[in-house]
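The next block holds one structure in the form of structure tokens; read it before the comments.
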There are 2 protein chains.
Amino acid sequence: MKSTTRKNMPPEERRAQLLGCAQMLFFSKGFEDTTIQDVLDMASVSKGGFYHHFKSKDELLFGVLDGMAEGVTWQMAVVASDEMSSALDLLHSFTHLRANYLREHDYPGQVEFFRVMNQDKNIVLLEHFKRRVRTGAMPVLIRIIQKGCDEGTFTVADVDTAAELILFLSNFIDLALLRAIEVRGSDTADHAAEKLQAAIDMQFLTLDRILGLPDGTTNFGWPEAVEATMETVPATPPSAN
Amino acid sequence: MKSTTRKNMPPEERRAQLLGCAQMLFFSKGFEDTTIQDVLDMASVSKGGFYHHFKSKDELLFGVLDGMAEGVTWQMAVVASDEMSSALDLLHSFTHLRANYLREHDYPGQVEFFRVMNQDKNIVLLEHFKRRVRTGAMPVLIRIIQKGCDEGTFTVADVDTAAELILFLSNFIDLALLRAIEVRGSDTADHAAEKLQAAIDMQFLTLDRILGLPDGTTNFGWPEAVEATMETVPATPPSAN
DNA sequence: TATTTACAGACCGCCGGTCGGTTTGCAAGG
DNA sequence: CCTTGCAAACCGACCGGCGGTCTGTAAATA
């Protein structure tokens with residue numbers, strides 16, 4: 001007696017499908033508010049089927065995070081493998097990559113993604129993701145800084161610590177960016193945009209000074225990025241954050 | 001018919017007691033893993049009693065966070081009210097306060113507290129706490145920096161952004177501090193302690209450079225802090241993190 | 001005594017996770 | 001080609017425990 005229509009799939013495919021559904025749901029509803037049943041419904045799989053591939057809800061989360069981090073770290077490895085460019089050029093590529101990894105690969109609507117990830121209910125998701133990116137980026141950035149020191153371009157006391165500080169610092173603009181996004185279209189949008197620009201400038205200025213570079217060396221011209229961010233979507237409905 | 005021994009208390013007292021129990025449990029077991037029932041058992045109160053004072057588990061969390069942040073921000077207000085001292089002295093007091101608020105007020109075993117707060121399961125707790133402290137500290141730090149600029153001691157492009165950056169930066173050593181704590185007593189402890197010192201030095205150096213001060217101005221001598229941290233407890237049993 | 005406040009504890013709906021059973025793909029033996 | 005065997009994939013009823021509600025009761029207050 002067959003109970004319902006059933007569709008067997010090779011393990012990898014099922015796993016990928018479940019991860020895809022979970023990712024969407026996590027981004028839209030948050031991790032805590034997403035039920036296993038939600039995932040099951042979207043993927044048309046039973047509970048038994050799910051727990052055949054994942055042994056817990058947390059493992060599902062980590063799977064999603066791994067998938068996201070994989071793309072980023074892979075691109076970073078590419079950057080690091082370039083032996084010809086100067087350390088400063090590599091740093092340029094690196095920061096550009098970190099800022100645009102969402103747009104480049106797979107994820108449409110990076111602004112919305114960023115907004116959702118920064119909601120209160122997604123703190124766990126976001127923090128774990130940041131950690132993955134940091135650990136993935138560390139060896140790459142260390143190589144770049146080391147190279148810069150060898151060239152005589154950079155001057156730092158401790159390469160590892162400097163790399164860690166720079167990666168830590170790279171999340172600074174998130175605060176201003178988030179505020180700017182949330183007030184898009186309102187009358188405080190201009191002020192927020194100015195503050196965002198100030199945050200970006202200051203972050204790069206600090207980067208210069210950490211590496212012992214002359215002021216303004218690493219500000220690779222991002223003024224258009226602010227406008228692009230602010231103009232993507234006409235207005236943002238107030239979210240229950 | 002009296003069912004069990006019962007003890008009425010004035011609302012404030014009950015609330016404080018429940019908050020106290022919740023705080024202990026949150027710190028030891030984490031927020032998610034702490035059951036309402038756990039709190040009830042520790043406080044010897046029924047569910048009805050609890051929900052008479054708090055309308056949700058989240059409100060309990062926020063209550064705990066408010067209690068912790070209150071002490072910190074209050075001390076900060078004291079620092080800010082000092083009109084006589086120079087901006088640099090105020091900054092000194094400020095950083096000292098931020099580093100030692102746990103030891104000064106109420107919380108014994110600050111190292112253990114820090115360790116627990118940084119466990120994976122306490123991400124939500126920690127992140128909310130950081131946010132409270134940041135928002136509480138912002139106005140104070142803004143005043144200090146503004147004063148420094150007026151004095152001609154500091155040089156920053158945007159006071160607000162600089163304050164935000166410095167507060168953001170003040171969490172940088174947490175990474176190194178956590179690692180140093182977790183390997184206390186093992187054979188990698190010395191290396192971690194060195195890295196911790198490097199992180200502290202670099203953080204203060206960056207602070208100098210953000211404010212346009214000569215290198216070494218703000219490194220108010222913390223070498224003993226590292227040793228104190230490492231020697232507090234003989235060894236740390238591996239935690240299920 | 002009347003009314004409000006502080007509390008008690010049974011109860012509900014839901015969620016993450018388990019478990020015994022069923023279906024499917026597939027390879028080996030006849 | 002058709003069995004037969006078997007493990008991998010899947011199903012769905014079920015469980016314990018959680019956050020939260022509700023009706024009722026004891027204590028404080030006046």
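To be explicit about the labels: the chains of the structure tokens are called A, B, and onward in the order shown, and within each one the residues are counted from 1, while ligands get numbers from 1 in the order they are shown.
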
Shell of 12 Å around DG16 in chain D, only C-alpha atoms (C1' of nucleotides), local chain residues under 3 positions omitted, as a list in words:
DC15, DG16, DG17 and DT18 of chain C

Atoms kept (C-alpha atoms (C1' of nucleotides)) for selection, written as a short mmCIF file (atom, residue, chain, number, x, y, z; two decimals), in the first residue's frame:
data_model
loop_
_atom_site.label_atom_id
_atom_site.label_comp_id
_atom_site.auth_asym_id
_atom_site.auth_seq_id
_atom_site.Cartn_x
_atom_site.Cartn_y
_atom_site.Cartn_z
"C1'" DC C 15 8.63 21.88 18.19
"C1'" DG C 16 12.84 19.02 17.78
"C1'" DG C 17 13.88 14.51 17.66
"C1'" DT C 18 12.98 9.12 17.70
#

In range 14-233 of chain B, what's helix (DSSP H, G or I) per DSSP? Answer as number ranges by chain?
B: 14-29, 36-43, 47-53, 57-80, 87-104, 110-117, 120-151, 159-169, 172-182, 189-210, 223-231

For chain A fitted to chain B over all Cα atoms in order, what RMSD does a least-squares superposition give?
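The C-alpha RMSD comes to 0.1 Å.
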
Using only C-alpha atoms (C1' of nucleotides) and a distance of at most 7 Å, pull out the residues of chain A that contact chain D, as a PDB file with C-alpha atoms, in the first residue's frame.
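Everything below was put into selection.pdb:
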ATOM      1  CA  ASN A   8      13.839   8.984  -4.034  1.00  0.00           C
ATOM      2  CA  SER A  46       9.063  13.565   5.466  1.00  0.00           C
ATOM      3  CA  GLY A  48      12.267  10.513   8.584  1.00  0.00           C
ATOM      4  CA  GLY A  49      13.721  11.477   5.255  1.00  0.00           C
TER       5      GLY A  49
END

Please identify every residue of chain B that has at least one atom no more than 7 Å from any atom of chain A, counting only C-alpha atoms, and report them as an NGL selection string.
:B and (123-124 or 158 or 161 or 165 or 168 or 172 or 198-199 or 206 or 209-210)

Counting only C-alpha atoms (C1' of nucleotides), give me one row per residue of chain A with an atom at most 8 Å from an atom of chain C, showing the shortest contact pair and its distance in Å to one decimal, sorted by chain then residue number, as CSV.
residue,atom,partner,partner_atom,distance
A:Lys2,CA,C:DT23,C1',7.9
A:Asn8,CA,C:DT24,C1',7.2
A:Thr35,CA,C:DC15,C1',7.4
A:Ile36,CA,C:DG16,C1',7.8
A:Ser56,CA,C:DG17,C1',7.8
A:Lys57,CA,C:DG16,C1',7.7

Distance in Å - CA of Gly216 in chain A versus CA of Leu177 in chain A:
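CA of Gly216 in chain A sits 21.0 Å away from CA of Leu177 in chain A.
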
Just give me the gap between CA of Gln23 in chain A and CA of Pro11 in chain A in Å, one decimal is fine.
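Distance between the two atoms: 18.0 Å.
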
Between CA of Val64 in chain B and CA of Ala77 in chain B, what distance in Å does the model show, to one decimal?
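Calculated distance between CA of Val64 in chain B and CA of Ala77 in chain B is 20.4 Å.
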
If we count only C-alpha atoms (C1' of nucleotides), what is near Val39 in chain A at a cut-off of 8 Å, once residues fewer than 5 positions away on the same chain are taken out, given as a list of chain:residue names?
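Near Val39 in chain A, the qualifying residues are A:Leu18, A:Cys21, A:Ala22, A:Leu25, A:Thr34.
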
Smallest atom-to-atom distance to Phe220 in chain B: which of B:Ala99, B:Leu60, B:Ala43, B:Ala163, using only C-alpha atoms?
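Of B:Ala99, B:Leu60, B:Ala43, B:Ala163, the one nearest Phe220 in chain B, counting only C-alpha atoms, is B:Ala99.
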